[in-house]
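Here is the structure we will look at, set down as structure tokens.
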Amino acid sequence: MLKLINQNLRIIFIGTPEFAAIILEKLIKSGYFPIAVVTGPDKPSGRKQILVPSPVKVLAEKNKIPIFQPEKIINLKSEIKNLDPDLIILAAYGQIIPKDILDIPRYGALNIHPSLLPKYRGPSPIQTTILNGDSKTGVTIILMDEKIDHGPILGQKKIIINKIDSVELTKILAELGGDLLIEILPKYLKGEIKPKPQNHSQATYTKFIKKEDGRINWQKSAEEIERMIRAYYPWPSVFTKIKNKILKIFKVKILKINHKKEPGTVFLTEKKELAVACGQDALVLEEVQFEGKKRITAQEFINGYPWIINFILK
RNA sequence: CGCGGGGUAGAGAAGUGGCAUCUCGCCGGGCUCAUAAUCCGGAGAUCGCAGGUUCGAAUCCUGCCCCCGCAA
């Protein structure tokens, strides 16, 4: 059921990961068929350094939409101009778009951002939401300007979350963002929506996540570490070190316990579960992976590495 | 040729040239009011695949397959 009006609109979609792909799919399904897609270059991935296309590229290929993958988007300026777009829709692209390009489309450029702006501007809003243990989050669609996640708001949707990991939250917010986009797009194009400037004094910013951010500091409380595990799944994933080797930790349970152990001490609970003392309370480990090994359950880990009991993780 | 670790019983691990081991699980039995308790007994492995060296290979050499850590 494609509406003609949608087909006449010249949209360029810009985005790279799964989050963007989900939104692109909703656009297409609703009849907003982009005339071109801009996405990140194929990246070498895996042990064999095989080049893999971005989720957005895969979806665009399937729908036979022309694809651009510039190293730097500024190099694409003249091509974009030639496409004569009415609108740019951007979600999680990975590069800052210069004003020169934002100014090209008649209706400007929209950005779908997975947080309640002006809170959590920047590259890792989803992880930061989980890390901080927020119970409320959402998506915001803004009209882009030259500053990052700074433009006026066209629409916003809130949701309540409980214990959830980054993968799940990304998916939920992408769906939500896609729906919101479809909802506001016709109104915006008809000029029925007044962009509302953000309250810049309340703005907060998120950082790029680095591999090392996934390292556990056992001085922290069990609650904080548990949130970290959900936030950093599947990347960079959370780890600790044993004898200079990495132990990845995938699943844990918080154990409320008054212990006098040094944080990082491995011990067995009354139920014979593998647990680690934290700065406050403790964590029961459920699924781990030792460097060079497969992902295994904690029980298997104890059987295979009995010396781990009373070992102190640093 | 990006760097590195690994493949041994259902699971997890020891074992660097000389009898195939350990923990858990599983099966049978004992003890117990009871058990994620404990005791006795048992089954289960062509040591990833193929070739080579050797009196003798899980172990050394060659090739192949598969898995994983780093690396975005």
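Going through the structure tokens in order, the chains are called A, B, and so on, while each chain numbers its residues from 1 and the ligands are numbered from 1 in the order shown.
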
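All chain A residues having an atom within 7 Å of chain B, based on only C-alpha atoms (C1' of nucleotides), amount to Ser45, Lys271, Glu291, Gly292, Lys293, Lys294, Glu300, Phe301, Asn303, Gly304 and Tyr305 of chain A.
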
Would you write out those residues with N, CA and C atoms, as a PDB file, in the first residue's frame?
ATOM      1  N   SER A  45      36.505  -7.605   9.493  1.00  0.00           N
ATOM      2  CA  SER A  45      35.961  -8.112  10.739  1.00  0.00           C
ATOM      3  C   SER A  45      36.301  -9.584  10.892  1.00  0.00           C
ATOM      4  N   LYS A 271      24.943 -22.294  48.295  1.00  0.00           N
ATOM      5  CA  LYS A 271      24.364 -23.206  47.295  1.00  0.00           C
ATOM      6  C   LYS A 271      25.423 -23.698  46.323  1.00  0.00           C
ATOM      7  N   GLU A 291      39.898 -16.913  28.086  1.00  0.00           N
ATOM      8  CA  GLU A 291      40.607 -16.643  26.824  1.00  0.00           C
ATOM      9  C   GLU A 291      41.037 -17.951  26.147  1.00  0.00           C
ATOM     10  N   GLY A 292      40.741 -18.066  24.877  1.00  0.00           N
ATOM     11  CA  GLY A 292      41.120 -19.261  24.125  1.00  0.00           C
ATOM     12  C   GLY A 292      40.171 -20.420  24.307  1.00  0.00           C
ATOM     13  N   LYS A 293      39.109 -20.208  25.076  1.00  0.00           N
ATOM     14  CA  LYS A 293      38.165 -21.287  25.359  1.00  0.00           C
ATOM     15  C   LYS A 293      36.763 -20.913  24.910  1.00  0.00           C
ATOM     16  N   LYS A 294      35.883 -21.882  25.040  1.00  0.00           N
ATOM     17  CA  LYS A 294      34.495 -21.626  24.700  1.00  0.00           C
ATOM     18  C   LYS A 294      33.781 -20.979  25.884  1.00  0.00           C
ATOM     19  N   GLU A 300      30.715 -25.606  35.134  1.00  0.00           N
ATOM     20  CA  GLU A 300      31.779 -26.235  34.342  1.00  0.00           C
ATOM     21  C   GLU A 300      33.117 -25.566  34.624  1.00  0.00           C
ATOM     22  N   PHE A 301      33.035 -24.280  34.826  1.00  0.00           N
ATOM     23  CA  PHE A 301      34.261 -23.538  35.098  1.00  0.00           C
ATOM     24  C   PHE A 301      34.893 -23.983  36.416  1.00  0.00           C
ATOM     25  N   ASN A 303      34.493 -26.890  37.881  1.00  0.00           N
ATOM     26  CA  ASN A 303      35.009 -28.254  37.729  1.00  0.00           C
ATOM     27  C   ASN A 303      36.347 -28.276  37.009  1.00  0.00           C
ATOM     28  N   GLY A 304      36.455 -27.435  36.018  1.00  0.00           N
ATOM     29  CA  GLY A 304      37.671 -27.439  35.211  1.00  0.00           C
ATOM     30  C   GLY A 304      38.812 -26.668  35.833  1.00  0.00           C
ATOM     31  N   TYR A 305      38.488 -25.638  36.614  1.00  0.00           N
ATOM     32  CA  TYR A 305      39.526 -24.791  37.209  1.00  0.00           C
ATOM     33  C   TYR A 305      39.276 -24.638  38.714  1.00  0.00           C
TER      34      TYR A 305
END

Item to complete: Tell me, as a ChimeraX atom specification, which residues lie within 10 Å of A:Asp134, counting only C-alpha atoms (C1' of nucleotides); anything in the same chain fewer than 2 positions away does not count.
Response: /A:128-132,136-137,160-163

Please produce a file of those selected residues containing all heavy atoms, as a PDB file, in the first residue's frame.
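Contents of selection-v6.pdb, as written:
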ATOM      1  N   THR A 128      24.976   4.248  28.055  1.00  0.00           N
ATOM      2  CA  THR A 128      24.984   5.126  29.221  1.00  0.00           C
ATOM      3  C   THR A 128      23.691   5.013  30.010  1.00  0.00           C
ATOM      4  O   THR A 128      23.710   5.020  31.244  1.00  0.00           O
ATOM      5  CB  THR A 128      25.199   6.583  28.767  1.00  0.00           C
ATOM      6  OG1 THR A 128      26.391   6.652  27.969  1.00  0.00           O
ATOM      7  CG2 THR A 128      25.348   7.512  29.959  1.00  0.00           C
ATOM      8  N   THR A 129      22.578   4.878  29.310  1.00  0.00           N
ATOM      9  CA  THR A 129      21.284   4.709  29.974  1.00  0.00           C
ATOM     10  C   THR A 129      21.306   3.486  30.896  1.00  0.00           C
ATOM     11  O   THR A 129      20.900   3.557  32.057  1.00  0.00           O
ATOM     12  CB  THR A 129      20.171   4.508  28.920  1.00  0.00           C
ATOM     13  OG1 THR A 129      20.112   5.668  28.095  1.00  0.00           O
ATOM     14  CG2 THR A 129      18.829   4.272  29.578  1.00  0.00           C
ATOM     15  N   ILE A 130      21.806   2.379  30.375  1.00  0.00           N
ATOM     16  CA  ILE A 130      21.836   1.140  31.160  1.00  0.00           C
ATOM     17  C   ILE A 130      22.858   1.255  32.290  1.00  0.00           C
ATOM     18  O   ILE A 130      22.600   0.879  33.429  1.00  0.00           O
ATOM     19  CB  ILE A 130      22.164  -0.060  30.258  1.00  0.00           C
ATOM     20  CG1 ILE A 130      21.050  -0.239  29.222  1.00  0.00           C
ATOM     21  CG2 ILE A 130      22.331  -1.327  31.076  1.00  0.00           C
ATOM     22  CD1 ILE A 130      21.327  -1.289  28.180  1.00  0.00           C
ATOM     23  N   LEU A 131      24.005   1.801  31.950  1.00  0.00           N
ATOM     24  CA  LEU A 131      25.082   1.964  32.933  1.00  0.00           C
ATOM     25  C   LEU A 131      24.614   2.777  34.143  1.00  0.00           C
ATOM     26  O   LEU A 131      24.946   2.475  35.284  1.00  0.00           O
ATOM     27  CB  LEU A 131      26.240   2.684  32.248  1.00  0.00           C
ATOM     28  CG  LEU A 131      27.665   2.317  32.597  1.00  0.00           C
ATOM     29  CD1 LEU A 131      27.865   0.820  32.578  1.00  0.00           C
ATOM     30  CD2 LEU A 131      28.621   2.987  31.624  1.00  0.00           C
ATOM     31  N   ASN A 132      23.827   3.804  33.881  1.00  0.00           N
ATOM     32  CA  ASN A 132      23.356   4.653  34.971  1.00  0.00           C
ATOM     33  C   ASN A 132      22.124   4.096  35.667  1.00  0.00           C
ATOM     34  O   ASN A 132      21.648   4.683  36.635  1.00  0.00           O
ATOM     35  CB  ASN A 132      23.042   6.056  34.442  1.00  0.00           C
ATOM     36  CG  ASN A 132      24.315   6.799  34.044  1.00  0.00           C
ATOM     37  OD1 ASN A 132      25.414   6.371  34.392  1.00  0.00           O
ATOM     38  ND2 ASN A 132      24.161   7.884  33.314  1.00  0.00           N
ATOM     39  N   LYS A 136      13.905   5.191  32.777  1.00  0.00           N
ATOM     40  CA  LYS A 136      13.148   5.885  31.743  1.00  0.00           C
ATOM     41  C   LYS A 136      14.113   6.288  30.630  1.00  0.00           C
ATOM     42  O   LYS A 136      15.186   6.813  30.880  1.00  0.00           O
ATOM     43  CB  LYS A 136      12.550   7.143  32.373  1.00  0.00           C
ATOM     44  CG  LYS A 136      11.442   7.789  31.614  1.00  0.00           C
ATOM     45  CD  LYS A 136      10.844   8.917  32.444  1.00  0.00           C
ATOM     46  CE  LYS A 136      11.776  10.122  32.488  1.00  0.00           C
ATOM     47  NZ  LYS A 136      11.261  11.217  33.328  1.00  0.00           N
ATOM     48  N   THR A 137      13.723   6.034  29.390  1.00  0.00           N
ATOM     49  CA  THR A 137      14.532   6.510  28.265  1.00  0.00           C
ATOM     50  C   THR A 137      13.593   6.720  27.086  1.00  0.00           C
ATOM     51  O   THR A 137      12.385   6.782  27.278  1.00  0.00           O
ATOM     52  CB  THR A 137      15.681   5.543  27.932  1.00  0.00           C
ATOM     53  OG1 THR A 137      16.470   6.104  26.892  1.00  0.00           O
ATOM     54  CG2 THR A 137      15.162   4.180  27.480  1.00  0.00           C
ATOM     55  N   ILE A 160       9.482   3.101  29.604  1.00  0.00           N
ATOM     56  CA  ILE A 160       9.996   2.631  30.889  1.00  0.00           C
ATOM     57  C   ILE A 160      10.735   1.328  30.627  1.00  0.00           C
ATOM     58  O   ILE A 160      10.260   0.472  29.890  1.00  0.00           O
ATOM     59  CB  ILE A 160       8.836   2.333  31.875  1.00  0.00           C
ATOM     60  CG1 ILE A 160       7.949   3.558  32.039  1.00  0.00           C
ATOM     61  CG2 ILE A 160       9.357   1.828  33.199  1.00  0.00           C
ATOM     62  CD1 ILE A 160       8.575   4.692  32.782  1.00  0.00           C
ATOM     63  N   ILE A 161      11.925   1.206  31.196  1.00  0.00           N
ATOM     64  CA  ILE A 161      12.669  -0.043  31.007  1.00  0.00           C
ATOM     65  C   ILE A 161      13.038  -0.612  32.367  1.00  0.00           C
ATOM     66  O   ILE A 161      13.149   0.110  33.347  1.00  0.00           O
ATOM     67  CB  ILE A 161      13.965   0.176  30.192  1.00  0.00           C
ATOM     68  CG1 ILE A 161      14.814   1.299  30.795  1.00  0.00           C
ATOM     69  CG2 ILE A 161      13.642   0.474  28.757  1.00  0.00           C
ATOM     70  CD1 ILE A 161      16.208   1.370  30.259  1.00  0.00           C
ATOM     71  N   ASN A 162      13.219  -1.944  32.401  1.00  0.00           N
ATOM     72  CA  ASN A 162      13.845  -2.518  33.595  1.00  0.00           C
ATOM     73  C   ASN A 162      15.129  -3.213  33.176  1.00  0.00           C
ATOM     74  O   ASN A 162      15.848  -2.675  32.359  1.00  0.00           O
ATOM     75  CB  ASN A 162      12.886  -3.414  34.360  1.00  0.00           C
ATOM     76  CG  ASN A 162      12.031  -4.238  33.428  1.00  0.00           C
ATOM     77  OD1 ASN A 162      12.510  -4.656  32.377  1.00  0.00           O
ATOM     78  ND2 ASN A 162      10.788  -4.447  33.775  1.00  0.00           N
ATOM     79  N   LYS A 163      15.406  -4.375  33.697  1.00  0.00           N
ATOM     80  CA  LYS A 163      16.694  -5.011  33.380  1.00  0.00           C
ATOM     81  C   LYS A 163      16.736  -5.459  31.935  1.00  0.00           C
ATOM     82  O   LYS A 163      16.012  -6.345  31.523  1.00  0.00           O
ATOM     83  CB  LYS A 163      16.922  -6.195  34.317  1.00  0.00           C
ATOM     84  CG  LYS A 163      17.137  -5.763  35.731  1.00  0.00           C
ATOM     85  CD  LYS A 163      17.953  -6.770  36.499  1.00  0.00           C
ATOM     86  CE  LYS A 163      18.371  -6.167  37.829  1.00  0.00           C
ATOM     87  NZ  LYS A 163      19.295  -7.038  38.555  1.00  0.00           N
TER      88      LYS A 163
END

Discussion item. Considering only C-alpha atoms (C1' of nucleotides), can you say which of B:A58, B:C31, B:C1, B:C40 comes closest to B:U16?
Written reply: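 Among B:A58, B:C31, B:C1, B:C40, it is B:A58 that comes nearest to B:U16.
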
Discussion item. DSSP on the backbone: which residues in stretch 147-179 of chain A end up as strand (DSSP E)? Give the answer as a list of chain:residue names.
Written reply: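 Residues of stretch 147-179 of chain A classed as strand (DSSP E): A:Ile153, A:Leu154, A:Gly155, A:Gln156, A:Lys157, A:Lys158, A:Ile159, A:Ile160.
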
For the residues in the current selection, export N, CA, C and O atoms as a compact mmCIF listing (two decimals), in the first residue's frame.
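In the end it all went to selection_23.txt:
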# COMPACT_ATOMS: atom_id res chain seq x y z
N ILE A 153 13.81 19.99 18.53
CA ILE A 153 13.11 18.72 18.62
C ILE A 153 11.81 18.73 17.83
O ILE A 153 11.01 19.66 17.93
N LEU A 154 11.60 17.67 17.03
CA LEU A 154 10.36 17.51 16.29
C LEU A 154 9.42 16.54 17.00
O LEU A 154 8.20 16.61 16.85
N GLY A 155 10.01 15.61 17.71
CA GLY A 155 9.16 14.63 18.38
C GLY A 155 9.98 13.80 19.35
O GLY A 155 11.20 13.67 19.19
N GLN A 156 9.29 13.27 20.36
CA GLN A 156 10.00 12.48 21.35
C GLN A 156 9.04 11.44 21.91
O GLN A 156 7.86 11.72 22.08
N LYS A 157 9.58 10.25 22.18
CA LYS A 157 8.75 9.20 22.79
C LYS A 157 9.52 8.61 23.96
O LYS A 157 10.70 8.32 23.86
N LYS A 158 8.80 8.41 25.07
CA LYS A 158 9.43 7.86 26.28
C LYS A 158 9.01 6.42 26.48
O LYS A 158 7.91 6.03 26.12
N ILE A 159 9.87 5.65 27.09
CA ILE A 159 9.48 4.31 27.54
C ILE A 159 10.09 4.04 28.91
O ILE A 159 11.08 4.67 29.30
N ILE A 160 9.48 3.10 29.60
CA ILE A 160 10.00 2.63 30.89
C ILE A 160 10.74 1.33 30.63
O ILE A 160 10.26 0.47 29.89

Practice prompt. From stretch 35-225 of chain A, collect each residue whose DSSP state is helix (DSSP H, G or I) and return the set as a PyMOL selection string.
Written response: chain A and resi 55-62+73-83+99-102+125-131+166-189+200-202+211-214+222-225

If you count only C-alpha atoms (C1' of nucleotides), which residues fall within 8 Å of A:Pro70, apart from same-chain ones fewer than 3 positions away, as a PDB file with all heavy atoms, in the first residue's frame?
ATOM      1  N   VAL A  38      23.487   6.289   2.295  1.00  0.00           N
ATOM      2  CA  VAL A  38      24.904   6.505   2.603  1.00  0.00           C
ATOM      3  C   VAL A  38      25.204   5.717   3.869  1.00  0.00           C
ATOM      4  O   VAL A  38      24.495   5.833   4.868  1.00  0.00           O
ATOM      5  CB  VAL A  38      25.217   7.994   2.839  1.00  0.00           C
ATOM      6  CG1 VAL A  38      26.700   8.183   3.158  1.00  0.00           C
ATOM      7  CG2 VAL A  38      24.813   8.830   1.635  1.00  0.00           C
ATOM      8  N   THR A  39      26.244   4.892   3.804  1.00  0.00           N
ATOM      9  CA  THR A  39      26.579   4.077   4.967  1.00  0.00           C
ATOM     10  C   THR A  39      28.095   3.941   5.079  1.00  0.00           C
ATOM     11  O   THR A  39      28.832   4.295   4.164  1.00  0.00           O
ATOM     12  CB  THR A  39      25.883   2.699   4.860  1.00  0.00           C
ATOM     13  OG1 THR A  39      26.030   1.990   6.085  1.00  0.00           O
ATOM     14  CG2 THR A  39      26.456   1.868   3.722  1.00  0.00           C
ATOM     15  N   GLY A  40      28.556   3.462   6.217  1.00  0.00           N
ATOM     16  CA  GLY A  40      29.991   3.333   6.450  1.00  0.00           C
ATOM     17  C   GLY A  40      30.612   2.317   5.509  1.00  0.00           C
ATOM     18  O   GLY A  40      29.923   1.450   4.987  1.00  0.00           O
ATOM     19  N   PRO A  41      31.915   2.458   5.250  1.00  0.00           N
ATOM     20  CA  PRO A  41      32.611   1.503   4.381  1.00  0.00           C
ATOM     21  C   PRO A  41      32.576   0.098   4.987  1.00  0.00           C
ATOM     22  O   PRO A  41      32.475  -0.039   6.200  1.00  0.00           O
ATOM     23  CB  PRO A  41      34.057   2.014   4.354  1.00  0.00           C
ATOM     24  CG  PRO A  41      34.059   3.342   5.010  1.00  0.00           C
ATOM     25  CD  PRO A  41      32.812   3.462   5.827  1.00  0.00           C
ATOM     26  N   ILE A  73      32.455  11.727   4.546  1.00  0.00           N
ATOM     27  CA  ILE A  73      31.213  12.111   3.860  1.00  0.00           C
ATOM     28  C   ILE A  73      31.355  13.440   3.121  1.00  0.00           C
ATOM     29  O   ILE A  73      30.651  13.692   2.143  1.00  0.00           O
ATOM     30  CB  ILE A  73      30.037  12.160   4.844  1.00  0.00           C
ATOM     31  CG1 ILE A  73      28.719  12.271   4.057  1.00  0.00           C
ATOM     32  CG2 ILE A  73      30.192  13.280   5.856  1.00  0.00           C
ATOM     33  CD1 ILE A  73      27.528  11.811   4.788  1.00  0.00           C
ATOM     34  N   ASN A  75      33.491  14.202   1.091  1.00  0.00           N
ATOM     35  CA  ASN A  75      33.847  13.899  -0.294  1.00  0.00           C
ATOM     36  C   ASN A  75      32.635  13.614  -1.162  1.00  0.00           C
ATOM     37  O   ASN A  75      32.732  13.501  -2.376  1.00  0.00           O
ATOM     38  CB  ASN A  75      34.765  12.669  -0.350  1.00  0.00           C
ATOM     39  CG  ASN A  75      36.041  12.898   0.421  1.00  0.00           C
ATOM     40  OD1 ASN A  75      36.480  14.047   0.579  1.00  0.00           O
ATOM     41  ND2 ASN A  75      36.639  11.832   0.923  1.00  0.00           N
ATOM     42  N   LEU A  76      31.490  13.475  -0.513  1.00  0.00           N
ATOM     43  CA  LEU A  76      30.295  13.066  -1.234  1.00  0.00           C
ATOM     44  C   LEU A  76      29.390  14.258  -1.539  1.00  0.00           C
ATOM     45  O   LEU A  76      28.302  14.122  -2.082  1.00  0.00           O
ATOM     46  CB  LEU A  76      29.524  12.050  -0.376  1.00  0.00           C
ATOM     47  CG  LEU A  76      28.656  11.027  -1.097  1.00  0.00           C
ATOM     48  CD1 LEU A  76      29.546  10.111  -1.921  1.00  0.00           C
ATOM     49  CD2 LEU A  76      27.846  10.224  -0.103  1.00  0.00           C
TER      50      LEU A  76
END

Worksheet item: Looking at only C-alpha atoms, which of A:Asp281, A:Glu71, A:Glu18, A:Glu168 is the one that sits closest to A:Gln95?
Response: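 Among A:Asp281, A:Glu71, A:Glu18, A:Glu168, it is A:Glu71 that comes nearest to A:Gln95.
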
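Using only C-alpha atoms, the shortest contact distance between A:Ala222 and any of A:Gln198, A:Gln280, A:Ser30, A:Asn63 is found at A:Gln280.
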
Discussion item. For a test of reading the model, state the distance in Å between atom CA of A:Asn258 and atom CA of A:Ser221, rounded to one decimal.
Written reply: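 We find that atom CA of A:Asn258 and atom CA of A:Ser221 lie 12.0 Å from each other.
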